[in-house]
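Notes follow the structure.
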Amino acid sequence: MNTSRRALIGAAITAPALVQAQTQARLLIIGGGFGGATAANFARRTYPWLQVTLVEPKTSFVTCPYGNLVLGGFRQIGDITHSYDGLRARGVTVVHDWATGIDANARNVRLQGGQSLGYDRLILSPGIALRWGAIEGYDEAAAETMPHAWVPGDGTQTLLLRRQLEAMPDGGVVGLAIPGNPFRCPPGPYERISMIAAYLKRHKPRSKILALDAKEAFSKQGLFQDAWAALYPGMIEWVPANRDGRVVRVDPRAMEFETEFGTRHKLDVANVIPAQTAARIAASAGLTDNSGWVPVNPVTFEARAAANIHVVGDANIPGPMPKSGFVANTTAKQAVAAAAAALRGEAAPEAVYFNTCYSHVGDDYGISVVGVFRPNAEATAIVEVPNSGGVSPRGNLPEQRRLEATYADSWYASITRDMFG
Amino acid sequence: MRLFIPAIAALVLAAPAWAQNAPLAAQACLSCHGANGAGQGGVPGLAGRDRAELVALMAAFRANERPATIMGRITRGYSEAEIAASAEYFSRQGR
């Protein structure tokens with residue numbers, strides 16, 4: 001027998017032996033969005049010895065990212081809808097049901113359908129809940145007239161807002177009520193303003209956008225405002241909180257927003273983005289603090305209130321990181337790696353987190369904010385790496401804008417494949 | 001020594017798929033550069049490129065010596081060891 005044949009046989013025997021030596025363990029994931037789908041796919045790719053179950057009520061997933069391009073008419077809802085078949089093909093058990101409760105001591109999750117699922121490690125990525133009533137008059141019924149389009153669900157809210165924009169006469173006013181920090185997707189409302197403006201400029205150029213904001217500054221503000229002045233002059237009025245921008249009451253019948261100091265704005269289309277908290281299951285499991293969000297360990301993403309439950313995605317408090325799809329993706333991978341290490345009795349791997357948020361603001365016009373983050377030396381908090389990251393340069397830079405628009409599209413294709421492919 | 005080389009080659013060939021997974025520091029690259037760094041649309045591929053070339057490219061981005069849309073902002077957040085490990089991984093991926 002020559003050496004290479006002997007080595008081949010040796011390797012063939014060794015590899016399965018290694019697999020058997022690994023722990024067989026159950027990884028349960030709640031929520032099939034940017035955090036949960038990433039976790040499921042990454043776990044199966046990287047740790048085949050993990051039995052992975054994903055609990056997600058919806059049978060397909062409509063992304064928040066690129067929803068604004070649907071509003072602008074640049075994409076169809078089908079373009080941003082993803083199937084769970086790819087995860088099933090990877091060996092993930094996908095259960096379409098609502099997780100209604102977590103028993104952290106018994107390591108058990110109850111489902112609405114009556115089933116209960118045990119786990120060795122839990123990844124919780126439940127997303128956000130809208131704070132109905134935080135703005136007086138804004139409840140689920142009001143959202144049928146004044147859509148939020150911020151939790152896409154099956155896409156109904158996004159399509160409702162799109163139809164309203166299509167039905168609006170030229171010369172109409174589109175109002176947006178924008179919340180204070182923190183909230184899902186900090187640049188999202190401003191990309192939305194941009195995409196609506198792109199649509200109006202083409203089809204209803206006499207129309208206006210009135211953006212009423214509960215804060216005084218926003219993500220990539222200079223870049224957005226430069227673009228608005230260049231691409232949509234006179235169309236967009238952004239009103240910060242200190243100029244009476246905070247919407248405190250809405251009247252869906254009269255189609256009015258009322259601000260803190262009593263100004264009433266009559267609108268033709270009204271988009272209300274309400275304040276948010278972690279999804280209800282995080283609160284009912286006792287994982288949230290007074291802020292309504294879940295504090296987490298900066299290295300393992302385990303909830304401070306329950307080791308063994310890793311909370312990723314928009315439901316947690318990610319330090320200086322934004323509530324973005326990219327952050328959900330990068331932290332979900334670290335959380336799974338930390339869970340796998342814990343199951344093997346090993347220390348969690350060294351963490352580095354990454355974010356890029358692209359925004360489309362017009363045809364061939366993209367801008368971005370980048371951040372690289374790590375736990376601090378004491379592992380008590382997450383900090384941004386000094387001298388890294390930041391926003392796109394300002395100025396008249398058409399090639400930079402064009403490239404960033406194409407990179408945004410590449411990001412969307414790549415990250416959704418990383419989640420669902 | 002002559003016999004040692006095929007033995008290693010056989011081990012690499014027989015290595016389980018997960019042994020070829022991207023290191024954690026390189027995972028974020030996949031979210032724009034595509035699965036295994038194969039490239040996606042206008043974002044260039046990293047797979048199958050020379051390790052030293054990739055390391056030099058990242059060093060140039062870090063030092064602002066090469067024009068960049070966003071890679072300068074990104075590379076300044078990573079350590080040399082992370083860049084070396086990522087370059088090693090991508091250099092081993094098929095184009």
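Chain labels run A, B, ... following the order of the structure tokens; each chain numbers its residues from 1, and ligands are numbered from 1 in the order shown.
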
Would you list which chain A residues are within 8 Å of chain B using only C-alpha atoms, as number ranges by chain?
A: 3-4, 7-8, 11-12, 15, 45-48, 326, 330, 333-334, 352, 354, 370-373, 385-390, 392, 400, 403-404, 406-407, 409-415, 417-418

Helix (DSSP H, G or I) call set, DSSP backbone run, region 105-259 of chain A, as a ChimeraX atom specification
/A:142-144,156-167,188-203,221-231,241-243

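Between Glu88 (chain B) and the residues B:Gly45, B:Arg66, B:Phe61, B:Arg51, the shortest atom-to-atom distance, using only C-alpha atoms, involves B:Arg51.
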
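In this structure, CA of Ile30 (chain A) sits 17.9 Å away from CA of Ser324 (chain A).
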
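By only C-alpha atoms, and with residues fewer than 4 positions from Trp238 (chain A) along its chain excluded, the set lying at most 7 Å from it is A:Leu210, A:Ala211, A:Leu212.
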
Let's have the selection written as a compact mmCIF listing (two decimals), in the first residue's frame, with C-alpha atoms.
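File part06.txt, as written:
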```txt
# COMPACT_ATOMS: atom_id res chain seq x y z
CA LEU A 210 -43.49 66.82 5.30
CA ALA A 211 -41.23 64.84 7.67
CA LEU A 212 -41.97 65.50 11.34
```

Select, from A:His310, A:Arg192, A:Arg304, A:Arg206, the residue with the minimum atom-to-atom distance to Tyr66 (chain A), counting only C-alpha atoms.
A:Arg192

Non-local contacts of region 112-117 of chain A (8 Å; only C-alpha atoms; under 2 positions in same chain excluded) as JSON, numbers by chain:
{"A": [97, 98, 99, 100, 108, 109, 110, 119]}

Store the residues picked out above in a file with N, CA and C atoms, as a short mmCIF file (atom, residue, chain, number, x, y, z; two decimals), in the first residue's frame.
```cif
data_model
loop_
_atom_site.label_atom_id
_atom_site.label_comp_id
_atom_site.auth_asym_id
_atom_site.auth_seq_id
_atom_site.Cartn_x
_atom_site.Cartn_y
_atom_site.Cartn_z
N ASP A 97 -44.82 28.49 13.57
CA ASP A 97 -45.73 28.66 14.72
C ASP A 97 -45.22 29.86 15.52
N TRP A 98 -46.06 30.36 16.42
CA TRP A 98 -45.65 31.44 17.33
C TRP A 98 -45.06 30.84 18.59
N ALA A 99 -43.91 31.31 19.00
CA ALA A 99 -43.38 30.98 20.32
C ALA A 99 -44.10 31.88 21.31
N THR A 100 -44.75 31.27 22.30
CA THR A 100 -45.58 32.07 23.22
C THR A 100 -44.93 32.23 24.59
N ASN A 108 -37.10 25.23 27.78
CA ASN A 108 -38.26 24.79 27.05
C ASN A 108 -39.00 26.00 26.47
N VAL A 109 -39.48 25.86 25.24
CA VAL A 109 -40.26 26.94 24.60
C VAL A 109 -41.63 26.40 24.24
N ARG A 110 -42.66 27.12 24.65
CA ARG A 110 -44.03 26.74 24.31
C ARG A 110 -44.46 27.41 23.01
N TYR A 119 -34.45 22.67 24.48
CA TYR A 119 -33.21 23.13 23.84
C TYR A 119 -32.05 23.00 24.82
#
```

10 Å contact set for Arg264 (chain A), only C-alpha atoms, chain neighbours under 3 positions out, as an MDAnalysis selection string:
chainID A and resid 247 249:251 255:261 267

Mind the document's chain letters and residue numbers, and return as a PyMOL selection string the residues of region 21-120 of chain A that DSSP labels strand (DSSP E).
chain A and resi 25-30+50-55+60-62+81-83+93-95+99-103+108-111+116-118

Those residues you just picked out, can you put them in a file as a compact mmCIF listing (two decimals), in the first residue's frame with N, CA and C atoms?
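As a result, result13.txt now contains:
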```txt
# COMPACT_ATOMS: atom_id res chain seq x y z
N ALA A 25 -26.12 18.38 20.19
CA ALA A 25 -26.85 19.34 21.02
C ALA A 25 -27.95 20.01 20.20
N ARG A 26 -28.95 20.50 20.94
CA ARG A 26 -30.11 21.12 20.29
C ARG A 26 -29.99 22.64 20.37
N LEU A 27 -29.92 23.27 19.21
CA LEU A 27 -29.93 24.73 19.14
C LEU A 27 -31.32 25.14 18.65
N LEU A 28 -32.02 25.88 19.47
CA LEU A 28 -33.36 26.34 19.10
C LEU A 28 -33.28 27.83 18.80
N ILE A 29 -33.89 28.23 17.70
CA ILE A 29 -33.84 29.63 17.29
C ILE A 29 -35.27 30.14 17.15
N ILE A 30 -35.57 31.24 17.80
CA ILE A 30 -36.89 31.86 17.67
C ILE A 30 -36.75 33.11 16.82
N LEU A 50 -24.74 20.32 15.49
CA LEU A 50 -25.88 20.96 16.14
C LEU A 50 -27.18 20.57 15.42
N GLN A 51 -28.17 20.18 16.21
CA GLN A 51 -29.52 20.00 15.66
C GLN A 51 -30.21 21.36 15.75
N VAL A 52 -30.56 21.91 14.60
CA VAL A 52 -31.05 23.29 14.56
C VAL A 52 -32.54 23.30 14.23
N THR A 53 -33.32 23.94 15.11
CA THR A 53 -34.75 24.14 14.86
C THR A 53 -35.03 25.63 14.87
N LEU A 54 -35.77 26.08 13.86
CA LEU A 54 -36.12 27.50 13.73
C LEU A 54 -37.64 27.63 13.86
N VAL A 55 -38.08 28.48 14.79
CA VAL A 55 -39.51 28.73 14.97
C VAL A 55 -39.83 30.11 14.39
N SER A 60 -43.00 32.80 4.62
CA SER A 60 -41.95 33.46 3.84
C SER A 60 -41.64 34.78 4.51
N PHE A 61 -40.49 35.34 4.18
CA PHE A 61 -39.99 36.51 4.91
C PHE A 61 -39.83 37.69 3.97
N VAL A 62 -40.49 38.79 4.32
CA VAL A 62 -40.34 40.05 3.57
C VAL A 62 -39.34 40.91 4.34
N THR A 81 -39.01 39.12 -0.99
CA THR A 81 -39.65 38.05 -0.24
C THR A 81 -38.81 36.77 -0.39
N HIS A 82 -38.55 36.12 0.74
CA HIS A 82 -37.61 34.99 0.75
C HIS A 82 -38.26 33.76 1.37
N SER A 83 -37.94 32.60 0.80
CA SER A 83 -38.48 31.33 1.26
C SER A 83 -37.55 30.68 2.29
N THR A 93 -34.69 22.33 10.86
CA THR A 93 -36.10 22.01 11.04
C THR A 93 -36.85 23.33 11.23
N VAL A 94 -37.70 23.68 10.27
CA VAL A 94 -38.42 24.96 10.34
C VAL A 94 -39.84 24.69 10.81
N VAL A 95 -40.21 25.32 11.92
CA VAL A 95 -41.55 25.14 12.49
C VAL A 95 -42.28 26.47 12.36
N ALA A 99 -43.91 31.31 19.00
CA ALA A 99 -43.38 30.98 20.32
C ALA A 99 -44.10 31.88 21.31
N THR A 100 -44.75 31.27 22.30
CA THR A 100 -45.58 32.07 23.22
C THR A 100 -44.93 32.23 24.59
N GLY A 101 -43.98 31.38 24.94
CA GLY A 101 -43.36 31.51 26.25
C GLY A 101 -42.06 30.73 26.33
N ILE A 102 -41.17 31.22 27.20
CA ILE A 102 -39.88 30.56 27.40
C ILE A 102 -39.75 30.19 28.86
N ASP A 103 -39.44 28.93 29.13
CA ASP A 103 -39.10 28.51 30.50
C ASP A 103 -37.58 28.31 30.54
N ASN A 108 -37.10 25.23 27.78
CA ASN A 108 -38.26 24.79 27.05
C ASN A 108 -39.00 26.00 26.47
N VAL A 109 -39.48 25.86 25.24
CA VAL A 109 -40.26 26.94 24.60
C VAL A 109 -41.63 26.40 24.24
N ARG A 110 -42.66 27.12 24.65
CA ARG A 110 -44.03 26.74 24.31
C ARG A 110 -44.46 27.41 23.01
N LEU A 111 -45.16 26.66 22.18
CA LEU A 111 -45.68 27.20 20.93
C LEU A 111 -47.19 27.33 21.01
N SER A 116 -44.33 21.86 22.57
CA SER A 116 -43.26 22.54 23.28
C SER A 116 -41.93 21.93 22.86
N LEU A 117 -40.90 22.79 22.78
CA LEU A 117 -39.61 22.38 22.23
C LEU A 117 -38.54 22.59 23.28
N GLY A 118 -37.78 21.53 23.57
CA GLY A 118 -36.64 21.66 24.49
C GLY A 118 -35.41 22.13 23.74
```

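Across the structure, CA of Ile209 (chain A) and CA of Val239 (chain A) are spaced 10.8 Å apart.
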